[in-house]
$ cat query-v4.tsv   # TSV, N, CA and C atoms
chain	number	residue	atom	x	y	z
A	246	MET	N	0.84	-1.18	0.00
A	246	MET	CA	0.00	0.00	0.00
A	246	MET	C	0.88	1.24	0.00
A	247	HIS	N	0.54	2.21	-0.82
A	247	HIS	CA	1.26	3.48	-0.78
A	247	HIS	C	0.27	4.63	-0.92
A	248	SER	N	0.69	5.78	-0.44
A	248	SER	CA	-0.13	6.98	-0.53
A	248	SER	C	0.80	8.18	-0.59
A	249	THR	N	0.24	9.32	-0.95
A	249	THR	CA	1.05	10.53	-0.92
A	249	THR	C	1.26	10.93	0.53
A	250	LEU	N	2.25	11.75	0.76
A	250	LEU	CA	2.49	12.24	2.12
A	250	LEU	C	1.26	12.99	2.62
A	251	SER	N	0.64	13.76	1.75
A	251	SER	CA	-0.54	14.52	2.13
A	251	SER	C	-1.67	13.60	2.58
A	252	GLU	N	-1.92	12.52	1.86
A	252	GLU	CA	-2.96	11.55	2.24
A	252	GLU	C	-2.62	10.88	3.56
A	253	PHE	N	-1.35	10.52	3.73
A	253	PHE	CA	-0.88	9.88	4.95
A	253	PHE	C	-1.11	10.78	6.16
A	254	VAL	N	-0.77	12.06	6.00
A	254	VAL	CA	-0.92	13.03	7.09
A	254	VAL	C	-2.41	13.29	7.37
A	255	THR	N	-3.20	13.35	6.32
A	255	THR	CA	-4.63	13.58	6.51
A	255	THR	C	-5.26	12.47	7.34
A	256	SER	N	-4.82	11.24	7.10
A	256	SER	CA	-5.43	10.12	7.82
A	256	SER	C	-4.90	9.97	9.25
A	257	LEU	N	-3.66	10.41	9.51
A	257	LEU	CA	-3.07	10.18	10.83
A	257	LEU	C	-2.74	11.43	11.62
A	258	GLY	N	-2.62	12.56	10.95
A	258	GLY	CA	-2.15	13.78	11.60
A	258	GLY	C	-0.64	13.90	11.45
A	259	GLN	N	-0.13	15.12	11.51
A	259	GLN	CA	1.29	15.36	11.28
A	259	GLN	C	2.17	14.71	12.34
A	260	ALA	N	1.79	14.80	13.60
A	260	ALA	CA	2.64	14.25	14.67
A	260	ALA	C	2.78	12.74	14.55
A	261	LYS	N	1.69	12.02	14.34
A	261	LYS	CA	1.74	10.56	14.23
A	261	LYS	C	2.47	10.14	12.95
A	262	ALA	N	2.22	10.85	11.84
A	262	ALA	CA	2.90	10.54	10.58
A	262	ALA	C	4.41	10.71	10.75
A	263	ALA	N	4.82	11.78	11.40
A	263	ALA	CA	6.25	12.02	11.63
A	263	ALA	C	6.85	10.93	12.49
A	264	GLU	N	6.14	10.55	13.53
A	264	GLU	CA	6.62	9.49	14.42
A	264	GLU	C	6.82	8.17	13.65
A	265	LEU	N	5.84	7.80	12.84
A	265	LEU	CA	5.93	6.55	12.08
A	265	LEU	C	7.04	6.57	11.03
A	266	LEU	N	7.36	7.76	10.51
A	266	LEU	CA	8.43	7.88	9.51
A	266	LEU	C	9.80	8.13	10.14
A	267	GLY	N	9.83	8.38	11.44
A	267	GLY	CA	11.10	8.62	12.13
A	267	GLY	C	11.70	9.98	11.84
A	268	ILE	N	10.83	10.97	11.60
A	268	ILE	CA	11.29	12.33	11.35
A	268	ILE	C	10.53	13.28	12.27
A	269	THR	N	10.87	14.55	12.22
A	269	THR	CA	10.18	15.52	13.07
A	269	THR	C	8.89	16.01	12.41
A	270	GLN	N	7.99	16.50	13.24
A	270	GLN	CA	6.75	17.07	12.72
A	270	GLN	C	7.06	18.28	11.85
A	271	GLY	N	8.10	19.02	12.20
A	271	GLY	CA	8.50	20.18	11.40
A	271	GLY	C	8.93	19.80	10.00
A	272	ALA	N	9.60	18.65	9.87
A	272	ALA	CA	10.02	18.18	8.55
A	272	ALA	C	8.82	17.80	7.69
A	273	VAL	N	7.83	17.19	8.32
A	273	VAL	CA	6.60	16.84	7.60
A	273	VAL	C	5.90	18.12	7.16
A	274	SER	N	5.78	19.06	8.06
A	274	SER	CA	5.10	20.32	7.76
A	274	SER	C	5.77	21.04	6.60
A	275	LYS	N	7.09	21.11	6.63
A	275	LYS	CA	7.82	21.81	5.56
A	275	LYS	C	7.66	21.09	4.23
A	276	ALA	N	7.75	19.76	4.23
A	276	ALA	CA	7.59	18.99	2.98
A	276	ALA	C	6.22	19.25	2.36
A	277	LEU	N	5.19	19.31	3.19
A	277	LEU	CA	3.85	19.60	2.69
A	277	LEU	C	3.75	21.03	2.18
A	278	ARG	N	4.32	21.96	2.91
A	278	ARG	CA	4.23	23.37	2.56
A	278	ARG	C	4.89	23.68	1.22
A	279	VAL	N	6.03	23.05	0.94
A	279	VAL	CA	6.74	23.35	-0.31
A	279	VAL	C	6.31	22.42	-1.45
A	280	GLY	N	5.40	21.50	-1.17
A	280	GLY	CA	4.84	20.67	-2.22
A	280	GLY	C	5.74	19.57	-2.75
A	281	ARG	N	6.58	19.01	-1.88
A	281	ARG	CA	7.45	17.91	-2.33
A	281	ARG	C	6.62	16.69	-2.68
A	282	GLU	N	7.03	15.98	-3.74
A	282	GLU	CA	6.30	14.81	-4.22
A	282	GLU	C	6.83	13.57	-3.51
A	283	ILE	N	6.22	13.29	-2.35
A	283	ILE	CA	6.68	12.20	-1.49
A	283	ILE	C	5.57	11.17	-1.36
A	284	TYR	N	5.97	9.90	-1.47
A	284	TYR	CA	5.03	8.79	-1.34
A	284	TYR	C	5.42	7.95	-0.14
A	285	VAL	N	4.44	7.53	0.63
A	285	VAL	CA	4.66	6.73	1.83
A	285	VAL	C	4.23	5.30	1.53
A	286	VAL	N	5.09	4.35	1.90
A	286	VAL	CA	4.84	2.93	1.65
A	286	VAL	C	4.81	2.20	2.98
A	287	ARG	N	3.80	1.35	3.14
A	287	ARG	CA	3.75	0.50	4.32
A	287	ARG	C	4.48	-0.79	3.98
A	288	ASN	N	5.51	-1.10	4.75
A	288	ASN	CA	6.32	-2.29	4.52
A	288	ASN	C	5.63	-3.53	5.10
A	289	ARG	N	6.10	-4.68	4.69
A	289	ARG	CA	5.50	-5.94	5.15
A	289	ARG	C	5.55	-6.10	6.66
A	290	ASP	N	6.57	-5.53	7.29
A	290	ASP	CA	6.70	-5.66	8.74
A	290	ASP	C	5.87	-4.63	9.52
A	291	GLY	N	5.09	-3.81	8.80
A	291	GLY	CA	4.24	-2.81	9.44
A	291	GLY	C	4.88	-1.45	9.58
A	292	SER	N	6.16	-1.33	9.28
A	292	SER	CA	6.83	-0.04	9.34
A	292	SER	C	6.50	0.76	8.07
A	293	TYR	N	6.88	2.03	8.07
A	293	TYR	CA	6.62	2.90	6.93
A	293	TYR	C	7.93	3.52	6.44
A	294	THR	N	8.01	3.71	5.13
A	294	THR	CA	9.13	4.43	4.54
A	294	THR	C	8.56	5.45	3.56
A	295	ALA	N	9.30	6.50	3.34
A	295	ALA	CA	8.88	7.55	2.41
A	295	ALA	C	9.90	7.68	1.30
A	296	HIS	N	9.39	7.89	0.10
A	296	HIS	CA	10.24	8.02	-1.09
A	296	HIS	C	9.84	9.27	-1.84
A	297	GLU	N	10.83	10.05	-2.22
A	297	GLU	CA	10.56	11.29	-2.95
A	297	GLU	C	10.82	11.09	-4.44
A	298	MET	N	9.86	11.52	-5.24
A	298	MET	CA	10.01	11.47	-6.69
A	298	MET	C	10.65	12.77	-7.13
A	299	ARG	N	11.82	12.64	-7.73
A	299	ARG	CA	12.55	13.82	-8.22
A	299	ARG	C	13.10	13.51	-9.60
A	300	PRO	N	13.18	14.50	-10.44
A	300	PRO	CA	13.76	14.25	-11.76
A	300	PRO	C	15.24	13.91	-11.65
A	301	PHE	N	15.68	13.02	-12.51
A	301	PHE	CA	17.08	12.67	-12.54
A	301	PHE	C	17.86	13.88	-13.06
A	302	PRO	N	18.94	14.24	-12.40
A	302	PRO	CA	19.68	15.43	-12.85
A	302	PRO	C	20.25	15.23	-14.25
A	303	SER	N	20.12	16.25	-15.04
A	303	SER	CA	20.69	16.17	-16.39
A	303	SER	C	22.17	16.51	-16.32
A	304	GLN	N	22.91	15.91	-17.23
A	304	GLN	CA	24.34	16.20	-17.28
A	304	GLN	C	24.55	17.49	-18.04
A	305	ALA	N	25.46	18.30	-17.55
A	305	ALA	CA	25.77	19.55	-18.23
A	305	ALA	C	26.45	19.24	-19.55
A	306	LYS	N	26.06	19.97	-20.58
A	306	LYS	CA	26.69	19.78	-21.89
A	306	LYS	C	28.08	20.36	-21.87
A	307	ARG	N	29.00	19.62	-22.43
A	307	ARG	CA	30.38	20.11	-22.50
A	307	ARG	C	30.55	20.91	-23.79
A	308	THR	N	31.25	22.00	-23.66
A	308	THR	CA	31.51	22.82	-24.85
A	308	THR	C	32.88	22.50	-25.40
A	309	ALA	N	33.00	22.54	-26.72
A	309	ALA	CA	34.29	22.27	-27.36
A	309	ALA	C	35.21	23.46	-27.15
A	310	ALA	N	36.47	23.16	-26.87
A	310	ALA	CA	37.42	24.25	-26.60
A	310	ALA	C	38.04	24.75	-27.88
$ encode --input "query-v4.tsv" --output "structure tokens"
Amino acid sequence: MHSTLSEFVTSLGQAKAAELLGITQGAVSKALRVGREIYVVRNRDGSYTAHEMRPFPSQAKRTAA
């Protein structure tokens, strides 16, 4: 099962979501405020992990000397 961080927080509240993810409530609040694309996954053992979707960095083009 996975959900967005926003859905996870809506169902549990910021303090409980932060506790389950092992981070501070302030970190959860900031991630939501700036709109980070984070997905929360419930692991088989009942723990939770969060994964952020970010674009792969592009390589800078080299210029000919």
$ closest_residue --input "query-v4.tsv" --among "A:Leu265, A:Leu277, A:Leu257, A:Leu250" --to "Gly291 of chain A" --atoms "only C-alpha atoms"
A:Leu265
$ atom_distance --input "query-v4.tsv" --atom1 "atom CA of Gly267 of chain A" --atom2 "atom N of Arg299 of chain A"
20.3 Å
$ residues_around --input "query-v4.tsv" --residues "Tyr284 of chain A" --least-positions-apart "4" --cutoff "6 Å" --atoms "all atoms listed in the file" --output "number ranges by chain"
A: 248-250, 294-298
$ select_by_dssp --input "query-v4.tsv" --residues "chain A" --states "strand (DSSP E or B)" --output "PyMOL selection string"
chain A and resi 247-249+283-287+293-297
$ atom_distance --input "query-v4.tsv" --atom1 "atom CA of Ser251 of chain A" --atom2 "atom C of Ile283 of chain A"
7.8 Å
$ select_by_dssp --input "query-v4.tsv" --residues "chain A" --states "helix (DSSP H, G or I)" --output "list in words"
Leu250, Ser251, Glu252, Phe253, Val254, Thr255, Ser256, Leu257, Gln259, Ala260, Lys261, Ala262, Ala263, Glu264, Leu265, Leu266, Gln270, Gly271, Ala272, Val273, Ser274, Lys275, Ala276, Leu277 and Arg278 of chain A
$ atom_distance --input "query-v4.tsv" --atom1 "atom N of Gln270 of chain A" --atom2 "atom CA of Pro300 of chain A"
25.8 Å
$ closest_residue --input "query-v4.tsv" --among "A:Gln259, A:Arg287, A:His247, A:Phe301" --to "Ser274 of chain A" --atoms "all atoms listed in the file"
A:Gln259
$ axis_aligned_box --input "query-v4.tsv" --around "segment 251-265 of chain A" --padding-each-side "8 Å" --output "AutoDock Vina command-line options"
--center_x 0.8 --center_y 11.0 --center_z 8.2 --size_x 28.5 --size_y 24.8 --size_z 28.9
